[in-house]
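What follows is the content of coords_5.cif (mmCIF, C-alpha atoms and all ligand atoms).
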data_input
loop_
_atom_site.label_atom_id
_atom_site.label_comp_id
_atom_site.auth_asym_id
_atom_site.auth_seq_id
_atom_site.Cartn_x
_atom_site.Cartn_y
_atom_site.Cartn_z
CA MET A 856 103.26 69.71 115.42
CA LYS A 857 104.78 68.94 112.06
CA LYS A 858 108.52 68.65 111.58
CA LEU A 859 110.80 69.75 108.80
CA CYS A 860 113.46 67.11 108.05
CA PHE A 861 114.90 65.51 104.93
CA GLY A 862 112.29 62.72 105.24
CA THR A 863 109.27 65.04 105.29
CA PHE A 864 110.80 67.27 102.58
CA ALA A 865 111.49 64.30 100.27
CA THR A 866 108.07 62.78 100.98
CA ILE A 867 106.29 65.95 99.83
CA LEU A 868 108.32 65.95 96.62
CA LYS A 869 107.70 62.21 96.17
CA ILE A 870 103.92 62.71 96.38
CA CYS A 871 104.18 65.53 93.83
CA MET A 872 106.65 63.98 91.37
CA ALA A 873 105.88 63.23 87.73
CA LYS A 874 104.41 59.75 87.03
CA ARG A 875 107.40 58.45 85.08
CA VAL A 876 109.86 59.23 87.91
CA THR A 877 110.74 56.83 90.75
CA GLN A 878 111.47 57.87 94.33
CA LYS A 879 115.06 56.57 94.12
CA GLN A 880 115.70 58.67 91.00
CA LEU A 881 114.30 61.76 92.71
CA CYS A 882 116.01 61.30 96.07
CA GLY A 883 119.31 60.09 94.55
CA THR A 884 119.43 63.03 92.14
CA MET A 885 118.89 65.61 94.88
CA LEU A 886 121.82 64.25 96.90
CA LEU A 887 124.09 64.38 93.84
CA SER A 888 123.75 68.18 93.95
CA ILE A 889 125.86 68.19 97.13
CA ALA A 890 128.03 65.07 96.67
CA PRO A 891 128.49 64.37 92.94
CA THR A 892 130.11 60.97 93.60
CA TYR A 893 127.49 59.71 96.05
CA ASP A 894 125.05 57.97 93.73
CA ILE A 895 122.20 56.01 95.36
CA ARG A 896 119.86 56.24 92.38
CA SER A 897 119.63 52.44 92.22
CA ASP A 898 119.80 51.75 95.95
CA ASP A 899 116.18 51.09 96.97
CA GLY A 900 116.98 50.28 100.61
CA THR A 901 118.98 53.41 101.44
CA VAL A 902 116.57 55.70 99.61
CA SER A 903 113.60 54.19 101.40
CA ASP A 904 115.24 54.58 104.84
CA LEU A 905 116.03 58.24 104.09
CA ILE A 906 112.58 59.13 102.80
CA LEU A 907 110.88 57.36 105.70
CA GLY A 908 112.99 59.30 108.21
CA LYS A 909 114.65 56.18 109.65
CA LYS A 910 118.32 56.96 109.09
CA ASN A 911 120.60 59.98 108.94
CA LEU A 912 122.07 61.08 105.63
CA SER A 913 125.50 59.67 104.80
CA PRO A 914 128.49 61.68 106.11
CA VAL A 915 129.59 61.89 102.49
CA VAL A 916 126.67 64.27 101.98
CA THR A 917 126.57 66.05 105.36
CA ASP A 918 130.34 66.64 105.40
CA ALA A 919 130.30 68.18 101.92
CA ALA A 920 127.20 70.33 102.54
CA PRO A 921 128.81 73.18 104.54
CA ASP A 922 131.16 73.95 101.65
CA VAL A 923 128.71 74.01 98.77
CA ASP A 924 127.57 77.24 97.16
CA ALA A 925 123.81 77.45 97.74
CA ARG A 926 123.40 79.14 94.33
CA ASP A 927 124.93 76.10 92.61
CA ILE A 928 122.42 73.85 94.36
CA SER A 929 119.61 76.07 93.08
CA VAL A 930 120.93 75.87 89.50
CA PHE A 931 121.17 72.09 89.86
CA PHE A 932 117.59 71.89 91.16
CA LYS A 933 116.37 73.99 88.24
CA GLU A 934 118.04 71.74 85.68
CA LYS A 935 117.71 68.29 87.23
CA VAL A 936 115.09 68.22 90.01
CA LEU A 937 112.24 70.49 88.82
CA PRO A 938 111.78 68.41 85.62
CA MET A 939 111.09 65.38 87.82
CA LEU A 940 108.13 67.08 89.50
CA ASP A 941 104.53 67.33 88.31
CA SER A 942 104.43 71.03 87.51
CA ASN A 943 100.69 71.14 88.32
CA LYS A 944 101.61 70.43 91.92
CA ASN A 945 104.31 73.07 92.43
CA SER A 946 101.96 75.27 94.48
CA LEU A 947 100.97 72.29 96.64
CA ILE A 948 104.64 71.60 97.39
CA VAL A 949 105.19 75.21 98.47
CA LEU A 950 102.01 75.35 100.56
CA ALA A 951 102.85 72.08 102.33
CA LEU A 952 106.42 73.21 103.07
CA LYS A 953 105.16 76.58 104.35
CA ASP A 954 102.68 74.79 106.59
CA ILE A 955 105.29 72.41 108.00
CA ILE A 956 107.80 75.20 108.60
CA ALA A 957 105.14 77.32 110.32
CA SER A 958 104.07 74.49 112.58
CA ASP A 959 107.58 73.26 113.46
CA ASP A 960 108.18 74.71 116.96
CA THR A 961 111.83 73.69 116.95
CA ILE A 962 112.46 76.42 114.34
CA GLU A 963 112.67 79.97 115.74
CA PRO A 964 111.05 82.81 113.74
CA GLU A 965 114.43 84.33 112.85
CA THR A 966 116.09 81.03 111.89
CA ILE A 967 117.22 80.94 108.27
CA VAL A 968 115.37 78.05 106.65
CA GLU A 969 115.86 78.85 102.94
CA LYS A 970 119.60 79.00 102.51
CA VAL A 971 119.85 80.35 98.96
CA ASN A 972 118.36 83.78 99.74
CA ASN A 973 118.70 83.52 103.53
CA MET A 974 114.94 83.63 104.12
CA THR A 975 113.94 83.18 107.74
CA LYS A 976 111.00 81.13 108.96
CA GLU A 977 109.12 84.41 109.37
CA ASP A 978 109.94 85.51 105.79
CA ILE A 979 108.75 82.21 104.37
CA VAL A 980 105.53 82.11 106.35
CA SER A 981 104.57 85.64 105.27
CA CYS A 982 105.68 85.31 101.64
CA ASN A 983 103.48 84.14 98.77
CA SER A 984 105.79 84.66 95.79
CA PHE A 985 108.70 82.29 95.39
CA VAL A 986 111.54 81.36 93.06
CA LEU A 987 110.78 77.63 93.10
CA GLU A 988 114.31 76.28 92.53
CA ASP A 989 115.71 78.62 95.22
CA PHE A 990 112.95 77.69 97.62
CA LEU A 991 113.41 73.93 97.22
CA ALA A 992 117.23 73.99 97.09
CA GLY A 993 117.43 76.36 100.07
CA ILE A 994 115.13 74.26 102.27
CA PHE A 995 116.80 71.03 101.11
CA LEU A 996 120.17 72.44 102.24
CA TYR A 997 118.67 73.42 105.59
CA THR A 998 117.43 69.86 106.22
CA VAL A 999 120.82 68.40 105.28
CA LEU A 1000 122.81 70.86 107.41
CA ASN A 1001 120.58 71.39 110.42
CA VAL A 1002 118.23 68.47 111.07
CA GLU A 1003 118.74 64.86 112.16
CA ASN A 1004 116.79 62.58 109.88
CA ARG A 1005 116.87 59.60 112.23
CA ASN A 1006 113.75 58.93 114.34
CA CYS A 1007 111.52 61.03 112.08
CA GLU A 1008 109.21 58.16 111.08
CA ASN A 1009 106.20 59.60 112.88
CA SER A 1010 106.61 63.00 111.25
CA VAL A 1011 106.91 61.43 107.80
CA ARG A 1012 103.77 59.36 108.40
CA GLU A 1013 101.76 62.60 108.70
CA ILE A 1014 102.70 63.61 105.15
CA THR A 1015 99.98 61.80 103.23
CA ASP A 1016 98.31 62.31 99.84
CA GLU A 1017 95.31 63.73 101.69
CA TYR A 1018 97.50 66.21 103.54
CA ILE A 1019 98.96 67.47 100.25
CA GLN A 1020 95.52 67.55 98.61
CA SER A 1021 94.17 69.66 101.48
CA PHE A 1022 96.07 72.65 100.02
CA GLU A 1023 94.24 72.42 96.69
CA THR A 1024 91.86 75.28 97.60
CA GLN A 1025 94.76 77.65 98.37
CA LYS A 1026 96.71 76.95 95.19
CA LYS A 1027 95.96 80.33 93.67
CA SER A 1028 97.56 82.17 96.58
CA ILE A 1029 101.06 81.09 95.50
CA LYS A 1030 102.91 82.95 92.75
CA PHE A 1031 106.12 81.88 91.09
CA ILE A 1032 108.68 84.46 90.09
CA THR A 1033 112.00 84.15 88.34
CA THR A 1034 113.97 86.35 90.71
CA TYR A 1035 113.62 88.19 94.01
CA ASN A 1036 113.92 91.98 93.47
CA ASN A 1037 117.14 91.79 91.59
CA PHE A 1038 117.81 95.54 91.31
CA SER A 1039 121.23 96.75 90.36
CA MET A 1040 122.71 98.98 93.05
CA GLU A 1041 122.33 101.96 90.76
CA ALA A 1042 118.63 101.34 90.22
CA ALA A 1043 118.19 100.72 93.94
CA ASN A 1044 119.81 104.06 94.75
CA GLU A 1045 117.63 105.88 92.29
CA VAL A 1046 114.50 104.29 93.71
CA ALA A 1047 115.63 105.10 97.24
CA ILE A 1048 116.20 108.76 96.34
CA ASP A 1049 112.84 109.02 94.67
CA ALA A 1050 111.11 107.34 97.59
CA ARG A 1051 112.80 109.73 100.01
CA ALA A 1052 111.81 112.70 97.87
CA LEU A 1053 108.24 111.41 97.74
CA VAL A 1054 108.06 111.08 101.51
CA LEU A 1055 109.43 114.59 101.96
CA LEU A 1056 107.10 115.98 99.31
CA ALA A 1057 104.14 114.27 100.95
CA GLU A 1058 105.06 116.04 104.17
CA THR A 1059 105.21 119.48 102.60
CA GLY A 1060 102.14 118.94 100.44
CA GLY A 1061 104.29 118.84 97.29
CA ARG A 1062 106.00 122.19 97.90
CA CYS A 1063 109.42 123.62 98.57
CA GLN A 1064 109.60 123.75 102.34
CA LYS A 1065 111.04 127.28 102.25
CA CYS A 1066 109.33 129.27 99.50
CA GLY A 1067 106.26 127.09 98.95
CA ARG A 1068 106.82 126.62 95.22
CA ILE A 1069 105.18 123.44 93.81
CA LEU A 1070 107.82 120.85 93.04
CA GLY A 1071 108.19 117.85 90.74
CA ILE A 1072 110.35 114.76 91.02
CA LYS A 1073 111.59 114.44 87.46
CA LYS A 1074 114.35 116.72 86.34
CA GLU A 1075 113.63 116.96 82.60
CA GLY A 1076 112.17 120.32 81.64
CA ASN A 1077 111.78 121.13 85.30
CA ASP A 1078 114.95 123.00 86.12
CA ILE A 1079 113.81 125.26 88.93
CA ASN A 1080 110.78 123.43 90.25
CA TYR A 1081 112.80 120.30 90.63
CA ALA A 1082 112.74 118.82 94.13
CA LYS A 1083 116.16 118.77 95.76
CA ILE A 1084 116.81 116.87 98.95
CA VAL A 1085 118.98 118.93 101.28
CA ARG A 1086 120.69 117.47 104.32
CA LEU A 1087 120.22 119.85 107.26
CA SER A 1088 121.56 117.66 110.03
CA GLU A 1089 122.64 114.08 110.47
CA THR A 1090 119.09 112.89 110.76
CA ASP A 1091 117.15 115.52 108.86
CA ASP A 1092 116.62 115.99 105.16
CA ILE A 1093 114.34 118.68 103.81
CA ILE A 1094 112.97 119.22 100.35
CA LEU A 1095 113.64 122.51 98.54
CA CYS A 1096 113.42 124.01 95.09
CA VAL A 1097 116.66 124.58 93.18
CA ASP A 1098 116.69 128.31 94.04
CA CYS A 1099 116.30 127.79 97.76
CA GLU A 1100 118.80 124.97 97.69
CA ARG A 1101 121.36 127.35 96.19
CA GLU A 1102 120.76 129.88 98.96
CA ILE A 1103 120.89 127.39 101.79
CA ARG A 1104 124.63 127.84 102.25
CA ASN A 1105 124.13 131.54 103.04
CA LEU A 1106 121.41 130.93 105.61
CA SER A 1107 122.04 131.96 109.19
CA GLU A 1108 122.08 129.26 111.87
CA GLU A 1109 118.84 130.70 113.15
CA ASP A 1110 117.12 130.28 109.77
CA LYS A 1111 118.40 126.75 109.54
CA LEU A 1112 117.01 125.92 112.97
CA ALA A 1113 113.67 127.39 111.96
CA LEU A 1114 113.60 125.16 108.86
CA LEU A 1115 114.48 122.20 111.02
CA SER A 1116 111.75 122.82 113.56
CA ASP A 1117 109.29 123.33 110.72
CA LYS A 1118 110.36 120.01 109.31
CA HIS A 1119 109.78 118.23 112.63
CA ASP A 1120 106.25 119.59 112.82
CA LEU A 1121 105.57 118.31 109.32
CA GLU A 1122 106.81 114.87 110.26
CA ILE A 1123 104.59 114.69 113.31
CA LEU A 1124 101.61 115.73 111.25
CA VAL A 1125 102.17 113.06 108.64
CA LYS A 1126 102.93 110.34 111.16
CA ALA A 1127 99.75 111.02 113.04
CA ARG A 1128 97.74 110.83 109.85
CA ASP A 1129 99.39 107.70 108.52
CA ALA A 1130 98.87 105.78 111.72
CA THR A 1131 95.31 104.95 110.87
CA SER A 1132 93.89 103.99 107.52
CA ARG A 1133 91.29 106.19 105.92
CA HIS A 1134 88.55 103.61 106.19
CA GLU A 1135 89.26 103.00 109.85
CA ILE A 1136 89.23 106.74 110.50
CA GLU A 1137 85.88 107.20 108.81
CA LYS A 1138 84.39 104.49 110.99
CA GLN A 1139 85.87 106.16 114.05
CA ILE A 1140 84.52 109.55 113.04
CA GLU A 1141 81.08 108.06 112.79
CA GLN A 1142 81.41 106.44 116.17
CA VAL A 1143 82.54 109.66 117.79
CA LEU A 1144 79.64 111.51 116.17
CA ARG A 1145 77.18 108.88 117.38
CA GLU A 1146 78.25 109.59 120.94
CA VAL A 1147 78.36 113.32 120.49
CA ASP A 1148 74.62 113.74 120.99
CA LEU A 1149 75.09 112.97 124.64
CA MET A 1150 77.01 116.21 125.05
CA ASP A 1151 75.04 118.98 126.66
CA VAL A 1152 74.61 122.45 125.24
CA THR A 1153 73.42 125.36 127.28
CA ALA A 1154 74.19 128.52 125.34
CA ASP A 1155 72.16 129.61 122.38
CA THR A 1156 74.82 130.84 120.02
CA GLN A 1157 74.27 132.27 116.56
CA LEU A 1158 76.09 130.16 113.97
CA LYS A 1159 77.81 131.33 110.81
CA MET A 1160 76.91 128.52 108.47
CA GLU A 1161 78.64 129.82 105.34
CA PRO A 1162 81.99 128.09 105.01
CA ILE A 1163 84.79 130.59 104.73
CA LYS A 1164 88.20 129.55 103.63
CA VAL A 1165 90.44 128.23 106.34
CA GLU A 1166 93.16 130.56 105.10
CA ASN A 1167 91.25 133.55 106.37
CA LYS A 1168 90.49 132.09 109.71
CA ILE A 1169 93.73 130.81 111.05
CA THR A 1170 96.86 132.82 111.47
CA GLU A 1171 99.18 130.12 112.72
CA LYS A 1172 100.88 128.53 109.73
CA ARG A 1173 101.23 125.02 111.07
CA LEU A 1174 97.75 124.78 112.51
CA LYS A 1175 96.39 126.03 109.20
CA GLU A 1176 98.20 123.24 107.41
CA ARG A 1177 96.91 120.66 109.80
CA VAL A 1178 93.32 121.78 109.42
CA LEU A 1179 93.63 122.08 105.64
CA PHE A 1180 95.12 118.61 105.51
CA ASP A 1181 92.12 117.16 107.37
CA VAL A 1182 89.63 119.21 105.43
CA ARG A 1183 91.00 118.12 102.05
CA ARG A 1184 90.84 114.49 103.01
CA PHE A 1185 87.72 114.26 105.13
CA TYR A 1186 85.40 117.24 104.67
CA GLU A 1187 82.97 115.36 102.43
CA GLY A 1188 83.12 112.24 104.56
CA VAL A 1189 82.31 114.06 107.79
CA ASN A 1190 79.62 116.06 106.03
CA ASP A 1191 77.96 112.90 104.72
CA THR A 1192 78.13 111.19 108.10
CA LEU A 1193 76.58 114.20 109.81
CA ASP A 1194 73.79 114.27 107.23
CA ARG A 1195 73.17 110.58 107.58
CA LEU A 1196 73.11 110.59 111.38
CA ALA A 1197 70.83 113.62 111.34
CA GLY A 1198 68.52 111.74 108.94
CA GLU A 1199 68.44 108.78 111.31
CA ASN A 1200 67.68 111.17 114.19
CA LYS A 1201 70.88 109.98 115.82
CA LEU A 1202 72.44 113.40 115.99
CA ASN A 1203 71.27 116.96 116.26
CA VAL A 1204 73.89 118.60 114.08
CA ASP A 1205 72.97 122.18 114.95
CA ARG A 1206 73.11 121.48 118.61
CA PHE A 1207 76.47 119.78 118.22
CA ALA A 1208 77.82 122.66 116.16
CA LYS A 1209 76.65 125.07 118.82
CA SER A 1210 78.37 123.14 121.54
CA ILE A 1211 81.63 123.23 119.61
CA LYS A 1212 81.22 126.95 119.14
CA ARG A 1213 80.54 127.33 122.85
CA MET A 1214 83.62 125.35 123.76
CA TYR A 1215 85.59 127.69 121.54
CA GLU A 1216 84.22 130.77 123.18
CA ASP A 1217 84.99 129.44 126.62
CA ALA A 1218 88.51 128.66 125.53
CA SER A 1219 89.16 131.93 123.73
CA GLU A 1220 88.25 133.96 126.80
CA SER A 1221 91.51 132.78 128.29
CA GLN A 1222 93.51 134.53 125.53
CA ILE A 1223 95.42 131.43 124.46
CA SER A 1224 96.76 130.71 120.97
CA GLN A 1225 94.62 129.21 118.21
CA SER A 1226 96.48 125.92 118.30
CA ALA A 1227 96.03 125.71 122.05
CA ILE A 1228 92.30 126.29 121.54
CA TYR A 1229 92.24 123.72 118.76
CA ASN A 1230 93.95 121.17 121.00
CA LEU A 1231 91.60 121.99 123.84
CA LEU A 1232 88.56 121.42 121.61
CA VAL A 1233 89.99 118.12 120.42
CA GLU A 1234 90.74 117.08 123.98
CA THR A 1235 87.25 118.00 125.15
CA LEU A 1236 85.53 116.12 122.34
CA PHE A 1237 87.84 113.16 122.95
CA GLU A 1238 87.01 113.25 126.67
CA LYS A 1239 83.26 113.56 126.16
CA THR A 1240 83.06 110.70 123.69
CA GLY A 1241 84.78 108.16 125.86
CA ARG A 1242 88.47 108.76 125.03
CA LYS A 1243 88.45 106.31 122.13
CA TYR A 1244 89.51 107.95 118.88
CA ARG A 1245 91.63 111.07 119.22
CA GLU A 1246 92.43 111.30 115.49
CA ALA A 1247 88.76 111.19 114.58
CA CYS A 1248 88.16 113.99 117.08
CA GLU A 1249 90.88 116.11 115.45
CA ILE A 1250 89.27 115.63 112.06
CA ILE A 1251 85.83 116.53 113.36
CA ILE A 1252 87.18 119.72 114.96
CA SER A 1253 88.96 120.54 111.69
CA TYR A 1254 85.66 120.09 109.92
CA PHE A 1255 83.97 122.60 112.18
CA VAL A 1256 86.85 125.01 111.75
CA GLN A 1257 86.21 124.81 108.01
CA ARG A 1258 82.48 125.27 108.54
CA CYS A 1259 83.28 128.36 110.54
CA GLU A 1260 81.85 127.17 113.78
CA VAL A 1261 85.18 127.63 115.42
CA PHE A 1262 87.62 130.43 114.70
CA ASP A 1263 86.38 133.88 113.86
CA GLU A 1264 87.33 135.01 110.45
CA ILE A 1265 90.47 137.10 110.43
CA THR A 1266 89.82 140.22 108.46
CA LYS A 1267 92.69 141.18 106.22
ZN ZN B 1 112.04 127.33 97.26
#

Now, as a test, write the supplied structure out as structure tokens.
Amino acid sequence: MKKLCFGTFATILKICMAKRVTQKQLCGTMLLSIAPTYDIRSDDGTVSDLILGKKNLSPVVTDAAPDVDARDISVFFKEKVLPMLDSNKNSLIVLALKDIIASDDTIEPETIVEKVNNMTKEDIVSCNSFVLEDFLAGIFLYTVLNVENRNCENSVREITDEYIQSFETQKKSIKFITTYNNFSMEAANEVAIDARALVLLAETGGRCQKCGRILGIKKEGNDINYAKIVRLSETDDIILCVDCEREIRNLSEEDKLALLSDKHDLEILVKARDATSRHEIEKQIEQVLREVDLMDVTADTQLKMEPIKVENKITEKRLKERVLFDVRRFYEGVNDTLDRLAGENKLNVDRFAKSIKRMYEDASESQISQSAIYNLLVETLFEKTGRKYREACEIIISYFVQRCEVFDEITK
């Protein structure tokens, strides 16, 4: 285990300092940022003991540290300390500090280790873009305030030139930025509103949830089709066009509840789809289809192979949306996979299609709703292929709905 202390911190900087700089200049200057009268820039002995992790920092420094403004220390580091470092080695410094912080078991994941921006150990370990002066000043403050420097000799001894050089291959992974997301509150609010609108629009497929009109996000030249977020309850926002938003006040409680329940269905739909990435899903679809050939078919059913629009086949609004959603995203993908598996003789597509059709007929005899049948088909496919990928099964059933193997066309 490595250990973060003033000694290991200063040793990393010492190894990465510019050639013309001495360790007492570097170490002495850093301490001046906290205690402007405590000048050890010509005191070889004290500096050496500190860097080697032999002694604690002077109380002059540790007593002043709790009262300093971390931002001031960062400004000081930018002006006085960064120029003492070899700028080619900035990434090595960051990588070494990240490594030490990650490996130091005495630091809990939620402990704040960078005190300028209050970054926790976890934040630091997962971050690759840093404001260098904040990063160094914030960690420096942490070592002064939180860690004994005495008895750290062994930890300092591990920080060698070779150790620092070992990060050379990862140098490109570190980016330096001038500020962490410094939005004004106004800009932040605007972004938050837009993001919320985008989420809601994604749920409704870009339409007003009530009248179905296509909506946009920007207001300019878009007076009616402009997406308005409307608060229906404490936890529920919906997205409406300007017209429907105007009428919402006159809606009956019943209509409002209907909108709300609609909205919950939309959320569930989107959540289920977002849970798995597209690539992952396509792999799962293939795996389900590879196992499908083991299913047995007994009936010899005539298939309608001409795809007919989903709109004509399904009467339930929400189920229709779900199937359309899958079909838009995955129809081609499932089609290609079926073709490929058929080509490899891994799957008899006709036989599979027939068995889906047969499952449908069995289910529809019981006079249940289309969505119940849909769910039953999904459940059966899921069951017969080893209960591994339910979402992939839903998409495959949606595909066969589109191909007309499932619901009979509803004549208008
Ligand atoms: Zn509307």

message: Taking only C-alpha atoms and all ligand atoms into account, which residues have an atom no farther than 7 Å from ligand ZN 1 (chain B)? I'd like them as a PyMOL selection string.
response: chain A and resi 1063-1068+1095-1099

Taking 2 positions as the minimum chain separation for residues in the same chain, which residues sit within 12 Å of segment 890-896 of chain A when counting all atoms listed in the file? Answer as a compact mmCIF listing (two decimals) with C-alpha atoms, in the coordinates of the input.
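Output contents, as saved in around_2.txt:
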# COMPACT_ATOMS: atom_id res chain seq x y z
CA VAL A 876 109.86 59.23 87.91
CA THR A 877 110.74 56.83 90.75
CA GLN A 878 111.47 57.87 94.33
CA LYS A 879 115.06 56.57 94.12
CA GLN A 880 115.70 58.67 91.00
CA LEU A 881 114.30 61.76 92.71
CA CYS A 882 116.01 61.30 96.07
CA GLY A 883 119.31 60.09 94.55
CA THR A 884 119.43 63.03 92.14
CA MET A 885 118.89 65.61 94.88
CA LEU A 886 121.82 64.25 96.90
CA LEU A 887 124.09 64.38 93.84
CA SER A 888 123.75 68.18 93.95
CA ASP A 898 119.80 51.75 95.95
CA ASP A 899 116.18 51.09 96.97
CA GLY A 900 116.98 50.28 100.61
CA THR A 901 118.98 53.41 101.44
CA VAL A 902 116.57 55.70 99.61
CA SER A 903 113.60 54.19 101.40
CA ASP A 904 115.24 54.58 104.84
CA LEU A 905 116.03 58.24 104.09
CA LEU A 912 122.07 61.08 105.63
CA SER A 913 125.50 59.67 104.80
CA PRO A 914 128.49 61.68 106.11
CA VAL A 915 129.59 61.89 102.49
CA VAL A 916 126.67 64.27 101.98
CA THR A 917 126.57 66.05 105.36
CA ASP A 918 130.34 66.64 105.40
CA ALA A 919 130.30 68.18 101.92
CA ALA A 920 127.20 70.33 102.54
CA PRO A 921 128.81 73.18 104.54
CA ASP A 922 131.16 73.95 101.65
CA VAL A 923 128.71 74.01 98.77
CA ILE A 928 122.42 73.85 94.36
CA PHE A 931 121.17 72.09 89.86
CA VAL A 999 120.82 68.40 105.28

- request: Between A:Thr1015, A:Asn1190, A:Ser1253, A:Thr998, single out the one closest to Gly862 of chain A, counting only C-alpha atoms.
  value: A:Thr998

- prompt: Hey, can you check how far atom CA of Gln1142 of chain A sits from atom CA of Ile1211 of chain A?
  reply: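 That distance, rounded to one decimal, is 17.1 Å.
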
task: Find the residues with any atom within 8 Å of (98.8, 70.5, 93.1); use all atoms listed in the file and the coordinates as given in the file, and write the answer as a list in words.
output: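 Collected hits near the coordinates: Cys871, Ser942, Asn943, Lys944, Asn945, Ser946, Leu947, Ile948, Ile1019, Gln1020, Phe1022, Glu1023 and Lys1026 of chain A.
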
query: Of the candidates A:Arg1183, A:Lys1239, A:Arg1012, A:Lys1027, which shows the shortest atom-to-atom distance to Thr866 of chain A, using all atoms listed in the file?
result: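 The answer is A:Arg1012, which sits nearest to Thr866 of chain A.
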
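A straight line drawn from atom CA of Val936 of chain A to atom CA of Thr1033 of chain A is 16.3 Å long.
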
field: Selected residue of minimal separation from Val1143 of chain A among A:Ser1088, A:Thr1240, A:Thr863, A:Ser1028, counting all atoms listed in the file
entry: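 Between A:Ser1088, A:Thr1240, A:Thr863, A:Ser1028, the residue approaching Val1143 of chain A most closely is A:Thr1240.
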
Among the residues A:Gln1025, A:Glu1089, A:Phe1031, A:Thr966, the one that comes closest to Val986 of chain A [using only C-alpha atoms]: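 Result for the nearest residue to Val986 of chain A: A:Phe1031.
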